[in-house]
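Q: Can you keep this structure in mind? I'll have questions shortly.
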Amino acid sequence: MLSAREVMQVSKIIPVISVKDEYEMLHLADALIKGGINIFEITLRTPGAVDAIEAVVKEFPFAVTGAGTVINIDTFKAVEDVGAKFAISPGLTQSLAEFSKNSFMPLLPGVATASEIMSGIEYGFDAFKLFPAAVVGGVEALKAFNGPFKDIIFCPTGGINLENAKSFLDLPNVACIGGSWIVPRDLIEAKRFDEITKLTKQAVELLG
């Protein structure tokens with residue numbers, strides 16, 4: 001069982017993934033692993049997402065496979081049942097916070113404001129996703145949060161790309177970033193997984 005902070009230490013980059021089915025995801029997981037990344041945030045934005053998580057958990061048990069867009073207890077339970085190793089939410093509700101505390105699967109909740117961070121701290125969280133990062137202040141917001149919240153770490157997601165990722169990762173309160181630029185839908189649909197491996201290698205070499 002990993003903690004949220006341990007999940008955030010697996011890689012500087014957590015790919016934010018949207019796939020139609022398990023077959024797409026298995027090819028994509030293979031491509032990402034070849035490129036040097038073995039952690040996946042498979043978002044629950046498609047009907048086949050839960051099956052995709054289950055397939056990758058079975059096929060690549062050494063990988064850290066998690067779920068994104070976990071917005072309530074039902075979706076939390078669904079990904080927990082298929083063996084996801086972490087869950088990421090765009091926000092935080094009381095019911096989700098309380099339910100997650102009794103799970104083996106850590107939750108990384110999304111925040112956008114100081115009040116939301118303070119609310120999360122009251123529930124016992126010390127690691128958050130800043131979302132949507134580029135919209136809510138990006139690097140400057142994280143610099144500001146580091147004053148009152150020195151013991152809190154973040155995974156900014158939303159509007160992150162190869163050009164601005166390093167400016168986020170250079171901050172003392174950023175452990176990793178979430179990004180979809182290395183897993184673009186057009187390449188997945190075209191089955192150009194070798195190009196995704198190249199994008200992943202490029203990101204890993206530049207960002208560590």
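Residue numbering restarts at 1 for every chain of the structure tokens, chains are lettered A, B, ... in their displayed order, and ligands are numbered from 1 as they appear.
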I'd like the neighbourhood of Glu54 in chain A as a list in words, where a residue qualifies if any of its atoms comes within 10 Å (using only C-alpha atoms), though same-chain residues fewer than 2 positions away should be ignored.

A: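 These residues fall inside the cut-off: Glu22, Ala49, Val50, Asp51, Ala52, Val56, Val57, Lys58, Glu59, Thr65, Gly66, Val79, Glu80, Asp81, Val82, Gly83 and Ala84 of chain A.
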
Q: Mind dumping the selected residues with N, CA and C atoms as an mmCIF file, in the first residue's frame?

A:
data_model
loop_
_atom_site.group_PDB
_atom_site.id
_atom_site.type_symbol
_atom_site.label_atom_id
_atom_site.label_comp_id
_atom_site.auth_asym_id
_atom_site.auth_seq_id
_atom_site.Cartn_x
_atom_site.Cartn_y
_atom_site.Cartn_z
ATOM 1 N N GLU A 22 -9.900 -1.298 -22.928
ATOM 2 C CA GLU A 22 -8.708 -1.929 -22.345
ATOM 3 C C GLU A 22 -7.629 -2.200 -23.377
ATOM 4 N N ALA A 49 -13.243 2.866 -19.039
ATOM 5 C CA ALA A 49 -12.090 3.227 -18.198
ATOM 6 C C ALA A 49 -11.823 2.224 -17.083
ATOM 7 N N VAL A 50 -12.858 1.778 -16.395
ATOM 8 C CA VAL A 50 -12.656 0.849 -15.278
ATOM 9 C C VAL A 50 -12.097 -0.480 -15.787
ATOM 10 N N ASP A 51 -12.614 -0.961 -16.908
ATOM 11 C CA ASP A 51 -12.079 -2.191 -17.501
ATOM 12 C C ASP A 51 -10.622 -2.007 -17.914
ATOM 13 N N ALA A 52 -10.291 -0.811 -18.399
ATOM 14 C CA ALA A 52 -8.915 -0.532 -18.801
ATOM 15 C C ALA A 52 -7.982 -0.579 -17.590
ATOM 16 N N VAL A 56 -4.831 -3.334 -17.059
ATOM 17 C CA VAL A 56 -3.441 -2.937 -16.855
ATOM 18 C C VAL A 56 -2.918 -3.449 -15.514
ATOM 19 N N VAL A 57 -3.761 -3.434 -14.504
ATOM 20 C CA VAL A 57 -3.362 -3.976 -13.191
ATOM 21 C C VAL A 57 -2.943 -5.437 -13.329
ATOM 22 N N LYS A 58 -3.672 -6.191 -14.138
ATOM 23 C CA LYS A 58 -3.366 -7.614 -14.321
ATOM 24 C C LYS A 58 -2.157 -7.835 -15.223
ATOM 25 N N GLU A 59 -2.063 -7.054 -16.293
ATOM 26 C CA GLU A 59 -1.009 -7.265 -17.291
ATOM 27 C C GLU A 59 0.338 -6.682 -16.852
ATOM 28 N N THR A 65 -0.778 1.807 -11.255
ATOM 29 C CA THR A 65 -1.950 2.150 -12.060
ATOM 30 C C THR A 65 -3.037 2.747 -11.183
ATOM 31 N N GLY A 66 -3.457 3.957 -11.527
ATOM 32 C CA GLY A 66 -4.474 4.638 -10.744
ATOM 33 C C GLY A 66 -5.594 5.182 -11.601
ATOM 34 N N VAL A 79 -13.063 1.634 -8.765
ATOM 35 C CA VAL A 79 -11.647 1.478 -9.115
ATOM 36 C C VAL A 79 -10.876 0.750 -8.022
ATOM 37 N N GLU A 80 -11.336 0.892 -6.783
ATOM 38 C CA GLU A 80 -10.740 0.142 -5.679
ATOM 39 C C GLU A 80 -10.935 -1.356 -5.901
ATOM 40 N N ASP A 81 -12.119 -1.734 -6.367
ATOM 41 C CA ASP A 81 -12.459 -3.145 -6.559
ATOM 42 C C ASP A 81 -11.634 -3.815 -7.657
ATOM 43 N N VAL A 82 -11.169 -3.037 -8.634
ATOM 44 C CA VAL A 82 -10.383 -3.644 -9.724
ATOM 45 C C VAL A 82 -8.884 -3.517 -9.489
ATOM 46 N N GLY A 83 -8.483 -3.025 -8.317
ATOM 47 C CA GLY A 83 -7.071 -3.051 -7.957
ATOM 48 C C GLY A 83 -6.269 -1.800 -8.235
ATOM 49 N N ALA A 84 -6.942 -0.681 -8.473
ATOM 50 C CA ALA A 84 -6.198 0.573 -8.678
ATOM 51 C C ALA A 84 -5.356 0.876 -7.435
#

Q: Near range 139-156 of chain A, within 8 Å and counting only C-alpha atoms, which residues show up once chain neighbours fewer than 4 positions away are dropped, as a short mmCIF file (atom, residue, chain, number, x, y, z; two decimals) with C-alpha atoms, in the first residue's frame?

A:
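In the end it all went to around13.cif:
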data_model
loop_
_atom_site.label_atom_id
_atom_site.label_comp_id
_atom_site.auth_asym_id
_atom_site.auth_seq_id
_atom_site.Cartn_x
_atom_site.Cartn_y
_atom_site.Cartn_z
CA MET A 8 3.83 11.27 -6.26
CA ALA A 114 -6.41 28.30 0.02
CA ASP A 126 -1.13 16.74 3.08
CA ALA A 127 -0.80 16.18 -0.68
CA PHE A 128 -3.05 17.66 -3.35
CA LYS A 129 -3.60 18.06 -7.07
CA LEU A 130 -3.71 21.73 -8.08
CA PHE A 131 -6.44 21.79 -10.71
CA PRO A 132 -6.87 23.28 -13.21
CA ALA A 133 -3.34 24.54 -12.61
CA ILE A 160 0.91 21.55 -18.27
CA SER A 167 8.91 25.83 -14.15
CA PHE A 168 6.45 23.85 -12.02
CA LEU A 171 9.16 24.72 -7.11
CA ASN A 173 6.25 22.31 -3.03
CA VAL A 174 5.77 20.44 -6.33
CA ALA A 175 6.52 16.72 -6.29
CA CYS A 176 5.32 15.88 -9.80
CA ILE A 177 3.10 17.17 -12.59
CA GLY A 178 0.15 15.64 -14.39
#

Q: May I have all residues of range 77-140 of chain A that DSSP, computed from the backbone, assigns to alpha helix (DSSP H), given as a list of chain:residue names?

A: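 In range 77-140 of chain A, DSSP puts these residues in alpha helix (DSSP H): A:Lys77, A:Ala78, A:Val79, A:Glu80, A:Asp81, A:Gln94, A:Ser95, A:Leu96, A:Ala97, A:Glu98, A:Phe99, A:Ser100, A:Ala114, A:Ser115, A:Glu116, A:Ile117, A:Met118, A:Ser119, A:Gly120, A:Ile121, A:Glu122, A:Gly138, A:Val139, A:Glu140.
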
Q: Keeping C-alpha atoms for every residue in the selection just given, could you write it to a file as a compact mmCIF listing (two decimals), in the first residue's frame?

A:
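What landed in again.txt:
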# COMPACT_ATOMS: atom_id res chain seq x y z
CA LYS A 77 -15.34 1.84 -4.92
CA ALA A 78 -15.35 0.80 -8.58
CA VAL A 79 -11.65 1.48 -9.11
CA GLU A 80 -10.74 0.14 -5.68
CA ASP A 81 -12.46 -3.15 -6.56
CA GLN A 94 -16.89 15.32 2.82
CA SER A 95 -18.23 11.89 1.87
CA LEU A 96 -15.30 11.12 -0.44
CA ALA A 97 -12.75 12.32 2.12
CA GLU A 98 -14.25 10.23 4.91
CA PHE A 99 -14.71 7.11 2.79
CA SER A 100 -11.16 7.23 1.42
CA ALA A 114 -6.41 28.30 0.02
CA SER A 115 -9.78 27.51 1.62
CA GLU A 116 -9.94 24.17 -0.21
CA ILE A 117 -6.41 23.32 0.95
CA MET A 118 -7.38 24.16 4.54
CA SER A 119 -10.48 21.98 4.26
CA GLY A 120 -8.38 19.10 2.95
CA ILE A 121 -5.89 19.51 5.78
CA GLU A 122 -8.76 19.20 8.28
CA GLY A 138 -0.12 28.15 -12.03
CA VAL A 139 3.42 28.72 -10.82
CA GLU A 140 2.58 32.00 -9.08

Q: Write out as a PyMOL selection string each polymer residue whose atoms come within 12 Å of range 192-207 of chain A, counting only C-alpha atoms; drop sequence neighbours fewer than 2 positions from it.

A: chain A and resi 11-15+24-39+161-170+175-177+179-190

Q: Which of these residues is nearest to Ala4 in chain A, using only C-alpha atoms: A:Tyr123, A:Pro106, A:Val136, A:Ser89?

A: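 Among the listed residues, A:Pro106 lies closest to Ala4 in chain A.
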
Q: Which parts of chain A does DSSP call strand (DSSP E) when run on the backbone here, written out as a PyMOL selection string?

A: chain A and resi 13-17+39-43+64-68+87-88+107-108+110-111+127-130+153-154+177-179

Q: As an exercise, work out the distance from CA of Ile42 in chain A to CA of Val135 in chain A in Å and give it to one decimal place.

A: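 We find that CA of Ile42 in chain A and CA of Val135 in chain A lie 22.0 Å from each other.
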
Q: Neighbouring residues of Phe104 in chain A were defined as those with any atom within 9 Å, considering only C-alpha atoms; residues of the same chain fewer than 3 positions away were excluded. Please report them as a VMD selection string.

A: chain A and resid 1 to 3 80 85 to 86 100 to 101

Q: Which of these residues is nearest to Glu6 in chain A, using only C-alpha atoms: A:Pro90, A:Gly110, A:Val64, A:Phe76?

A: A:Val64
